[in-house]
Structure formats: structure tokens, C-alpha cells
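Here's upload.txt, which has compact mmCIF, N, CA and C atoms:
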```txt
# COMPACT_ATOMS: atom_id res chain seq x y z
N MET A 1 -7.07 -20.92 38.19
CA MET A 1 -7.54 -19.92 37.26
C MET A 1 -7.06 -18.55 37.74
N ASP A 2 -6.55 -17.79 36.78
CA ASP A 2 -6.08 -16.44 37.05
C ASP A 2 -7.04 -15.46 36.39
N ARG A 3 -8.15 -15.17 37.05
CA ARG A 3 -9.23 -14.37 36.45
C ARG A 3 -8.78 -13.00 35.98
N LYS A 4 -7.75 -12.44 36.60
CA LYS A 4 -7.32 -11.10 36.20
C LYS A 4 -6.73 -11.10 34.79
N SER A 5 -6.30 -12.26 34.30
CA SER A 5 -5.82 -12.36 32.92
C SER A 5 -6.98 -12.31 31.94
N GLY A 6 -8.16 -12.72 32.40
CA GLY A 6 -9.39 -12.57 31.62
C GLY A 6 -9.45 -13.31 30.31
N ILE A 7 -10.13 -12.67 29.36
CA ILE A 7 -10.39 -13.25 28.05
C ILE A 7 -9.78 -12.34 26.99
N ALA A 8 -9.07 -12.93 26.06
CA ALA A 8 -8.47 -12.16 24.97
C ALA A 8 -9.55 -11.60 24.05
N TYR A 9 -9.18 -10.65 23.23
CA TYR A 9 -10.13 -10.04 22.29
C TYR A 9 -10.80 -11.08 21.40
N CYS A 10 -10.08 -12.14 21.06
CA CYS A 10 -10.59 -13.15 20.14
C CYS A 10 -11.50 -14.16 20.82
N GLY A 11 -11.38 -14.32 22.14
CA GLY A 11 -12.14 -15.33 22.85
C GLY A 11 -11.25 -16.38 23.50
N LEU A 12 -9.97 -16.35 23.21
CA LEU A 12 -9.03 -17.22 23.90
C LEU A 12 -9.08 -16.86 25.38
N VAL A 13 -9.09 -17.85 26.24
CA VAL A 13 -9.27 -17.56 27.67
C VAL A 13 -7.91 -17.60 28.37
N CYS A 14 -7.32 -16.43 28.48
CA CYS A 14 -6.01 -16.29 29.10
C CYS A 14 -6.04 -16.75 30.56
N ALA A 15 -7.18 -16.60 31.21
CA ALA A 15 -7.32 -16.93 32.63
C ALA A 15 -7.04 -18.40 32.93
N VAL A 16 -7.25 -19.28 31.97
CA VAL A 16 -7.01 -20.71 32.20
C VAL A 16 -5.94 -21.29 31.29
N CYS A 17 -5.26 -20.44 30.55
CA CYS A 17 -4.24 -20.91 29.61
C CYS A 17 -3.05 -21.48 30.38
N SER A 18 -2.55 -22.61 29.91
CA SER A 18 -1.40 -23.24 30.56
C SER A 18 -0.13 -22.43 30.36
N LYS A 19 -0.16 -21.45 29.48
CA LYS A 19 1.00 -20.60 29.23
C LYS A 19 0.97 -19.33 30.06
N ASN A 20 -0.02 -19.17 30.97
CA ASN A 20 -0.15 -17.88 31.64
C ASN A 20 0.96 -17.56 32.63
N ASN A 21 1.89 -18.48 32.87
CA ASN A 21 3.08 -18.14 33.65
C ASN A 21 4.04 -17.31 32.81
N GLU A 22 3.98 -17.51 31.49
CA GLU A 22 4.88 -16.82 30.57
C GLU A 22 4.21 -15.62 29.91
N CYS A 23 2.89 -15.57 29.92
CA CYS A 23 2.14 -14.55 29.18
C CYS A 23 1.07 -13.95 30.09
N VAL A 24 1.01 -12.64 30.15
CA VAL A 24 0.00 -11.98 30.98
C VAL A 24 -1.26 -11.66 30.20
N GLY A 25 -1.30 -12.03 28.94
CA GLY A 25 -2.48 -11.82 28.12
C GLY A 25 -2.40 -10.56 27.28
N CYS A 26 -3.14 -10.56 26.19
CA CYS A 26 -3.06 -9.44 25.25
C CYS A 26 -3.65 -8.15 25.81
N ARG A 27 -4.60 -8.26 26.70
CA ARG A 27 -5.19 -7.05 27.29
C ARG A 27 -4.19 -6.33 28.20
N ASN A 28 -3.21 -7.07 28.67
CA ASN A 28 -2.16 -6.51 29.53
C ASN A 28 -0.87 -6.31 28.74
N ASP A 29 -0.99 -6.21 27.43
CA ASP A 29 0.15 -6.03 26.51
C ASP A 29 1.18 -7.15 26.63
N GLY A 30 0.72 -8.36 26.95
CA GLY A 30 1.63 -9.48 27.09
C GLY A 30 1.78 -10.32 25.84
N CYS A 31 1.03 -10.02 24.81
CA CYS A 31 1.08 -10.84 23.60
C CYS A 31 2.31 -10.50 22.77
N LYS A 32 3.14 -11.49 22.54
CA LYS A 32 4.34 -11.25 21.73
C LYS A 32 3.99 -11.02 20.26
N ASP A 33 2.78 -11.42 19.84
CA ASP A 33 2.35 -11.25 18.45
C ASP A 33 1.38 -10.09 18.28
N LYS A 34 1.35 -9.15 19.22
CA LYS A 34 0.34 -8.09 19.18
C LYS A 34 0.39 -7.24 17.92
N GLU A 35 1.55 -7.09 17.33
CA GLU A 35 1.66 -6.27 16.11
C GLU A 35 1.00 -6.95 14.92
N SER A 36 0.96 -8.28 14.93
CA SER A 36 0.39 -9.01 13.79
C SER A 36 -0.96 -9.66 14.10
N CYS A 37 -1.44 -9.54 15.33
CA CYS A 37 -2.71 -10.18 15.69
C CYS A 37 -3.88 -9.37 15.14
N LYS A 38 -4.56 -9.94 14.16
CA LYS A 38 -5.68 -9.25 13.52
C LYS A 38 -6.81 -8.95 14.50
N ASN A 39 -7.09 -9.89 15.40
CA ASN A 39 -8.18 -9.70 16.35
C ASN A 39 -7.89 -8.54 17.30
N LEU A 40 -6.71 -8.52 17.87
CA LEU A 40 -6.32 -7.46 18.79
C LEU A 40 -6.35 -6.11 18.07
N GLN A 41 -5.73 -6.04 16.91
CA GLN A 41 -5.66 -4.78 16.17
C GLN A 41 -7.05 -4.27 15.80
N CYS A 42 -7.91 -5.15 15.32
CA CYS A 42 -9.26 -4.78 14.90
C CYS A 42 -10.09 -4.30 16.09
N CYS A 43 -10.07 -5.05 17.18
CA CYS A 43 -10.86 -4.67 18.36
C CYS A 43 -10.39 -3.33 18.93
N ARG A 44 -9.10 -3.13 18.97
CA ARG A 44 -8.60 -1.85 19.49
C ARG A 44 -8.98 -0.71 18.55
N ALA A 45 -8.89 -0.93 17.24
CA ALA A 45 -9.25 0.12 16.27
C ALA A 45 -10.73 0.48 16.36
N LYS A 46 -11.57 -0.53 16.63
CA LYS A 46 -13.02 -0.31 16.71
C LYS A 46 -13.50 -0.03 18.13
N ASN A 47 -12.54 -0.02 19.07
CA ASN A 47 -12.86 0.20 20.48
C ASN A 47 -13.88 -0.82 21.01
N LEU A 48 -13.61 -2.09 20.70
CA LEU A 48 -14.48 -3.19 21.13
C LEU A 48 -13.85 -3.93 22.30
N ARG A 49 -14.65 -4.45 23.17
CA ARG A 49 -14.18 -5.28 24.28
C ARG A 49 -13.68 -6.63 23.75
N GLY A 50 -14.31 -7.10 22.68
CA GLY A 50 -13.91 -8.36 22.06
C GLY A 50 -14.62 -8.56 20.74
N CYS A 51 -14.19 -9.54 20.00
CA CYS A 51 -14.77 -9.83 18.68
C CYS A 51 -16.28 -10.04 18.75
N TRP A 52 -16.75 -10.56 19.86
CA TRP A 52 -18.18 -10.84 20.04
C TRP A 52 -19.04 -9.59 19.97
N GLU A 53 -18.45 -8.40 20.09
CA GLU A 53 -19.20 -7.15 19.99
C GLU A 53 -19.26 -6.61 18.55
N CYS A 54 -18.56 -7.25 17.64
CA CYS A 54 -18.44 -6.74 16.27
C CYS A 54 -19.60 -7.21 15.40
N SER A 55 -20.09 -6.31 14.57
CA SER A 55 -21.19 -6.66 13.65
C SER A 55 -20.73 -7.64 12.56
N SER A 56 -19.42 -7.77 12.36
CA SER A 56 -18.88 -8.70 11.36
C SER A 56 -18.53 -10.06 11.94
N PHE A 57 -18.80 -10.28 13.22
CA PHE A 57 -18.47 -11.55 13.87
C PHE A 57 -19.29 -12.68 13.28
N PRO A 58 -18.68 -13.82 13.01
CA PRO A 58 -17.25 -14.11 13.08
C PRO A 58 -16.58 -13.85 11.73
N CYS A 59 -15.48 -13.18 11.75
CA CYS A 59 -14.72 -13.00 10.51
C CYS A 59 -13.75 -14.18 10.37
N THR A 60 -13.00 -14.22 9.30
CA THR A 60 -12.10 -15.36 9.04
C THR A 60 -10.67 -14.88 8.86
N GLY A 61 -9.77 -15.84 8.81
CA GLY A 61 -8.36 -15.54 8.60
C GLY A 61 -7.66 -15.07 9.86
N ASN A 62 -8.14 -15.54 11.00
CA ASN A 62 -7.56 -15.13 12.28
C ASN A 62 -7.84 -16.19 13.33
N MET A 63 -7.74 -15.83 14.58
CA MET A 63 -7.95 -16.79 15.67
C MET A 63 -9.35 -17.39 15.67
N LEU A 64 -10.32 -16.70 15.08
CA LEU A 64 -11.69 -17.20 15.06
C LEU A 64 -11.88 -18.37 14.11
N ASP A 65 -10.85 -18.73 13.37
CA ASP A 65 -10.91 -19.93 12.55
C ASP A 65 -10.91 -21.19 13.42
N ASN A 66 -10.48 -21.05 14.67
CA ASN A 66 -10.47 -22.15 15.63
C ASN A 66 -11.86 -22.27 16.27
N ARG A 67 -12.47 -23.44 16.16
CA ARG A 67 -13.84 -23.66 16.64
C ARG A 67 -14.00 -23.33 18.13
N ARG A 68 -13.06 -23.77 18.96
CA ARG A 68 -13.15 -23.52 20.41
C ARG A 68 -13.10 -22.02 20.70
N ILE A 69 -12.17 -21.33 20.10
CA ILE A 69 -12.02 -19.89 20.34
C ILE A 69 -13.26 -19.14 19.85
N ARG A 70 -13.75 -19.51 18.68
CA ARG A 70 -14.95 -18.88 18.12
C ARG A 70 -16.16 -19.12 19.03
N ALA A 71 -16.28 -20.35 19.55
CA ALA A 71 -17.40 -20.68 20.44
C ALA A 71 -17.30 -19.89 21.74
N PHE A 72 -16.10 -19.76 22.29
CA PHE A 72 -15.93 -18.98 23.52
C PHE A 72 -16.28 -17.52 23.28
N ALA A 73 -15.88 -16.97 22.14
CA ALA A 73 -16.22 -15.57 21.81
C ALA A 73 -17.73 -15.42 21.69
N ARG A 74 -18.36 -16.35 21.00
CA ARG A 74 -19.82 -16.29 20.84
C ARG A 74 -20.51 -16.41 22.22
N PHE A 75 -20.01 -17.31 23.05
CA PHE A 75 -20.55 -17.50 24.40
C PHE A 75 -20.43 -16.21 25.21
N ALA A 76 -19.26 -15.56 25.14
CA ALA A 76 -19.06 -14.30 25.86
C ALA A 76 -20.04 -13.25 25.38
N GLY A 77 -20.33 -13.25 24.09
CA GLY A 77 -21.29 -12.30 23.55
C GLY A 77 -22.71 -12.57 24.01
N GLU A 78 -23.07 -13.84 24.12
CA GLU A 78 -24.44 -14.21 24.50
C GLU A 78 -24.67 -14.19 26.00
N TYR A 79 -23.66 -14.60 26.78
CA TYR A 79 -23.85 -14.76 28.22
C TYR A 79 -23.00 -13.81 29.07
N GLY A 80 -21.99 -13.21 28.47
CA GLY A 80 -21.10 -12.32 29.21
C GLY A 80 -19.78 -12.98 29.56
N GLU A 81 -18.76 -12.16 29.66
CA GLU A 81 -17.42 -12.65 29.95
C GLU A 81 -17.33 -13.30 31.33
N GLU A 82 -17.95 -12.69 32.33
CA GLU A 82 -17.87 -13.23 33.69
C GLU A 82 -18.52 -14.60 33.79
N PHE A 83 -19.65 -14.78 33.10
CA PHE A 83 -20.31 -16.09 33.15
C PHE A 83 -19.47 -17.14 32.44
N LEU A 84 -18.79 -16.76 31.36
CA LEU A 84 -17.88 -17.70 30.69
C LEU A 84 -16.79 -18.12 31.67
N LEU A 85 -16.20 -17.17 32.36
CA LEU A 85 -15.16 -17.51 33.35
C LEU A 85 -15.73 -18.36 34.48
N ASP A 86 -16.96 -18.06 34.92
CA ASP A 86 -17.61 -18.86 35.96
C ASP A 86 -17.76 -20.31 35.51
N CYS A 87 -18.24 -20.50 34.28
CA CYS A 87 -18.43 -21.86 33.75
C CYS A 87 -17.11 -22.60 33.64
N LEU A 88 -16.09 -21.93 33.12
CA LEU A 88 -14.78 -22.56 32.97
C LEU A 88 -14.19 -22.93 34.33
N GLU A 89 -14.36 -22.06 35.31
CA GLU A 89 -13.83 -22.33 36.65
C GLU A 89 -14.55 -23.52 37.28
N LYS A 90 -15.86 -23.53 37.18
CA LYS A 90 -16.66 -24.65 37.73
C LYS A 90 -16.26 -25.95 37.03
N ASN A 91 -16.16 -25.90 35.71
CA ASN A 91 -15.84 -27.11 34.95
C ASN A 91 -14.42 -27.59 35.23
N GLU A 92 -13.49 -26.66 35.42
CA GLU A 92 -12.12 -27.03 35.75
C GLU A 92 -12.09 -27.80 37.07
N LYS A 93 -12.86 -27.35 38.03
CA LYS A 93 -12.93 -28.05 39.33
C LYS A 93 -13.55 -29.43 39.18
N ASN A 94 -14.36 -29.61 38.13
CA ASN A 94 -14.99 -30.91 37.87
C ASN A 94 -14.20 -31.76 36.89
N GLY A 95 -12.97 -31.35 36.57
CA GLY A 95 -12.10 -32.19 35.76
C GLY A 95 -12.10 -31.92 34.27
N ILE A 96 -12.77 -30.88 33.82
CA ILE A 96 -12.73 -30.54 32.39
C ILE A 96 -11.50 -29.66 32.17
N VAL A 97 -10.64 -30.11 31.25
CA VAL A 97 -9.33 -29.50 31.06
C VAL A 97 -9.33 -28.56 29.85
N TYR A 98 -8.88 -27.33 30.07
CA TYR A 98 -8.77 -26.34 28.99
C TYR A 98 -7.61 -26.70 28.06
N HIS A 99 -6.43 -26.95 28.64
CA HIS A 99 -5.25 -27.40 27.89
C HIS A 99 -4.74 -28.69 28.51
N TYR A 100 -4.54 -29.70 27.68
CA TYR A 100 -3.89 -30.91 28.17
C TYR A 100 -2.43 -30.56 28.49
N GLN A 101 -1.86 -31.30 29.41
CA GLN A 101 -0.48 -31.06 29.85
C GLN A 101 0.47 -30.96 28.66
N GLY A 102 1.17 -29.83 28.55
CA GLY A 102 2.17 -29.64 27.51
C GLY A 102 1.61 -29.38 26.12
N ARG A 103 0.29 -29.15 26.03
CA ARG A 103 -0.34 -28.94 24.72
C ARG A 103 -1.21 -27.69 24.75
N LEU A 104 -1.70 -27.28 23.59
CA LEU A 104 -2.58 -26.12 23.50
C LEU A 104 -4.00 -26.50 23.11
N ASP A 105 -4.33 -27.77 23.27
CA ASP A 105 -5.71 -28.22 23.07
C ASP A 105 -6.16 -28.94 24.34
N GLY A 106 -7.46 -29.14 24.44
CA GLY A 106 -7.98 -29.77 25.64
C GLY A 106 -9.38 -30.30 25.40
N ASP A 107 -10.12 -30.52 26.48
CA ASP A 107 -11.45 -31.12 26.39
C ASP A 107 -12.42 -30.29 25.56
N TYR A 108 -12.26 -28.97 25.56
CA TYR A 108 -13.18 -28.12 24.79
C TYR A 108 -12.93 -28.20 23.29
N ASP A 109 -11.84 -28.85 22.88
CA ASP A 109 -11.56 -29.05 21.46
C ASP A 109 -12.19 -30.34 20.93
N VAL A 110 -12.75 -31.15 21.80
CA VAL A 110 -13.33 -32.44 21.40
C VAL A 110 -14.66 -32.30 20.65
N PRO A 111 -15.60 -31.48 21.12
CA PRO A 111 -16.88 -31.39 20.40
C PRO A 111 -16.70 -30.95 18.94
N ASP A 112 -17.54 -31.50 18.07
CA ASP A 112 -17.46 -31.20 16.64
C ASP A 112 -18.13 -29.89 16.26
N THR A 113 -18.90 -29.32 17.18
CA THR A 113 -19.66 -28.11 16.86
C THR A 113 -19.53 -27.08 17.99
N GLU A 114 -19.83 -25.83 17.64
CA GLU A 114 -19.87 -24.79 18.67
C GLU A 114 -20.97 -25.09 19.68
N GLU A 115 -22.08 -25.65 19.22
CA GLU A 115 -23.17 -26.00 20.12
C GLU A 115 -22.71 -27.03 21.14
N GLY A 116 -21.87 -27.97 20.70
CA GLY A 116 -21.33 -28.97 21.62
C GLY A 116 -20.45 -28.34 22.68
N ILE A 117 -19.71 -27.31 22.30
CA ILE A 117 -18.87 -26.59 23.26
C ILE A 117 -19.75 -25.82 24.24
N PHE A 118 -20.81 -25.17 23.72
CA PHE A 118 -21.76 -24.47 24.59
C PHE A 118 -22.35 -25.45 25.60
N ASP A 119 -22.75 -26.63 25.13
CA ASP A 119 -23.34 -27.63 26.01
C ASP A 119 -22.36 -28.03 27.11
N MET A 120 -21.10 -28.21 26.74
CA MET A 120 -20.09 -28.58 27.73
C MET A 120 -19.91 -27.46 28.75
N LEU A 121 -19.86 -26.22 28.27
CA LEU A 121 -19.72 -25.09 29.19
C LEU A 121 -20.88 -25.02 30.17
N LEU A 122 -22.09 -25.17 29.66
CA LEU A 122 -23.29 -25.01 30.48
C LEU A 122 -23.59 -26.21 31.37
N SER A 123 -23.32 -27.41 30.86
CA SER A 123 -23.67 -28.63 31.61
C SER A 123 -22.55 -29.11 32.52
N GLY A 124 -21.32 -28.76 32.18
CA GLY A 124 -20.19 -29.26 32.96
C GLY A 124 -19.86 -30.71 32.69
N ARG A 125 -20.37 -31.23 31.56
CA ARG A 125 -20.10 -32.62 31.18
C ARG A 125 -19.20 -32.65 29.96
N LYS A 126 -18.25 -33.58 29.97
CA LYS A 126 -17.36 -33.76 28.82
C LYS A 126 -18.13 -34.30 27.63
N ALA A 127 -17.66 -33.93 26.44
CA ALA A 127 -18.25 -34.46 25.21
C ALA A 127 -17.88 -35.93 25.09
N LYS A 128 -18.77 -36.68 24.45
CA LYS A 128 -18.51 -38.12 24.27
C LYS A 128 -17.86 -38.38 22.95
```
Give the structure from the file, written as C-alpha cells.
Amino acid sequence: MDRKSGIAYCGLVCAVCSKNNECVGCRNDGCKDKESCKNLQCCRAKNLRGCWECSSFPCTGNMLDNRRIRAFARFAGEYGEEFLLDCLEKNEKNGIVYHYQGRLDGDYDVPDTEEGIFDMLLSGRKAK
């Protein structure tokens, strides 16, 4: 885990992304799509740390359409960014995978609900 990469404005967790060798994260101006990223543009315009601070959360037509990303953003809003990173780091050590090898999905994409993702984050157990 590369904690300095942190969490993107949308809730994507750059710190554990399998692409973080190629991308330093949107907070470090590493996003190649920063001009078209609605989440990044909106958060910067509103001076928000992330979508989870917005009164319109969750909006649609952007990265928050993804259940995992939306759940991570909501989790960051409820528990804090550092605790989200703590949970992900602990779970990674216990074999819960953020991205499967060569893919952009992983164990956190398995639960059917945001609550299921919260449970996985908090319990450290994979969804069945």
C-alpha cells in the first residue's frame, strides 16, 4: 500500500490501486483524465476533500455510479479517510484483494450492496 497516494476525490483508493506504478493519483495531478473527470472538477470547484463532503452525495453520471467506489466514498465520509486506509491495509494483509491481477475489479466488487462492502471493510471477511 502506498498511503501517500491516498484516496481520490470520488472514493477510488489510489493507495492500493494496481495501476499506482503508472499513476500518482488525481490529488497529485496524476490523472490523465483530469480535464474530463466530473468528480475531480466538482470537488475542486467546491473546495471539497472528496465527494463524501458534498450535500449532493451521491450524484450520478460519474465514478460514483460504481458501487465499490460509492461505498468507499460513503465510508470515508462516515469513518474518515485514514480509517478507510487502515481497514484496506489490514484486509490486504489478510488476503482481501482490491484489484485482481491484471484487472480493475477485486474482492470489494463481489458484495451486492454498499452495506456488504462496509461489512467487508469492517470485519475483514470476504463476501460469500
### Message
Give me, as a list in words, all polymer residues having an atom no more than 12 Å from Asp65 (chain A), counting only C-alpha atoms and skipping those fewer than 6 positions away in the same chain.
### Response
Cys10, Gly11, Leu12, Lys38, Asn39, Phe57, Pro58, Cys59, Ala71, Ala73 and Glu114 of chain A
### Task
Tell me which of A:Leu84, A:Ala127, A:Cys26, A:Val13 sits closest to Pro111 (chain A), counting all atoms listed in the file.
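Smallest separation from Pro111 (chain A) among the options: A:Ala127.
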### Message
Rounded to one decimal, what separation in Å do you get between CA of Tyr100 (chain A) and CA of Arg74 (chain A)?
### Response
22.8 Å
### Query
Hey, which of A:Met63, A:Ala8, A:Ala15, A:Cys51 ends up closest to Cys37 (chain A)? Count all atoms listed in the file.
A:Met63
### Query
Of the residues A:Asp2, A:Lys126, A:Tyr9, A:Glu35, which is the one nearest to Leu48 (chain A), using all atoms listed in the file?
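Between A:Asp2, A:Lys126, A:Tyr9, A:Glu35, the residue approaching Leu48 (chain A) most closely is A:Tyr9.
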### Task
Would you work out the distance separating CA of Ile117 (chain A) from CA of Cys42 (chain A), expressed in Å to one decimal?
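Here the two named atoms are 25.3 Å from each other.
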### Query
Can you list every residue in region 11-101 of chain A that DSSP puts in alpha helix (DSSP H), as a PyMOL selection string?
chain A and resi 38-46+67-79+81-93
### Nearest candidate to Asp109 (chain A) (options A:Val97, A:Lys4, A:Ser36, A:Cys87; using all atoms listed in the file)
A:Val97
List as a JSON list (two decimals) with N, CA and C atoms, in the coordinates of the input the protein and nucleic acid residues near Leu85 (chain A), meaning an atom at most 8 Å away when all atoms listed in the file are counted, but skip any in the same chain fewer than 6 places from it.
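File written: selection_34.json
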```json
[["chain", "number", "residue", "atom", "x", "y", "z"],
["A", 3, "ARG", "N", -8.15, -15.17, 37.05],
["A", 3, "ARG", "CA", -9.23, -14.37, 36.45],
["A", 3, "ARG", "C", -8.78, -13.00, 35.98],
["A", 6, "GLY", "N", -8.16, -12.72, 32.40],
["A", 6, "GLY", "CA", -9.39, -12.57, 31.62],
["A", 6, "GLY", "C", -9.45, -13.31, 30.31],
["A", 15, "ALA", "N", -7.18, -16.60, 31.21],
["A", 15, "ALA", "CA", -7.32, -16.93, 32.63],
["A", 15, "ALA", "C", -7.04, -18.40, 32.93],
["A", 76, "ALA", "N", -19.26, -15.56, 25.14],
["A", 76, "ALA", "CA", -19.06, -14.30, 25.86],
["A", 76, "ALA", "C", -20.04, -13.25, 25.38],
["A", 91, "ASN", "N", -16.16, -25.90, 35.71],
["A", 91, "ASN", "CA", -15.84, -27.11, 34.95],
["A", 91, "ASN", "C", -14.42, -27.59, 35.23]]
```
### Message
For a quick check of understanding, using only N, CA and C atoms, which of A:Glu53, A:Ile69, A:Cys17, A:Asn47 has the smallest distance to Met1 (chain A)?
### Response
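Of A:Glu53, A:Ile69, A:Cys17, A:Asn47, the one nearest Met1 (chain A) is A:Cys17, counting only N, CA and C atoms.
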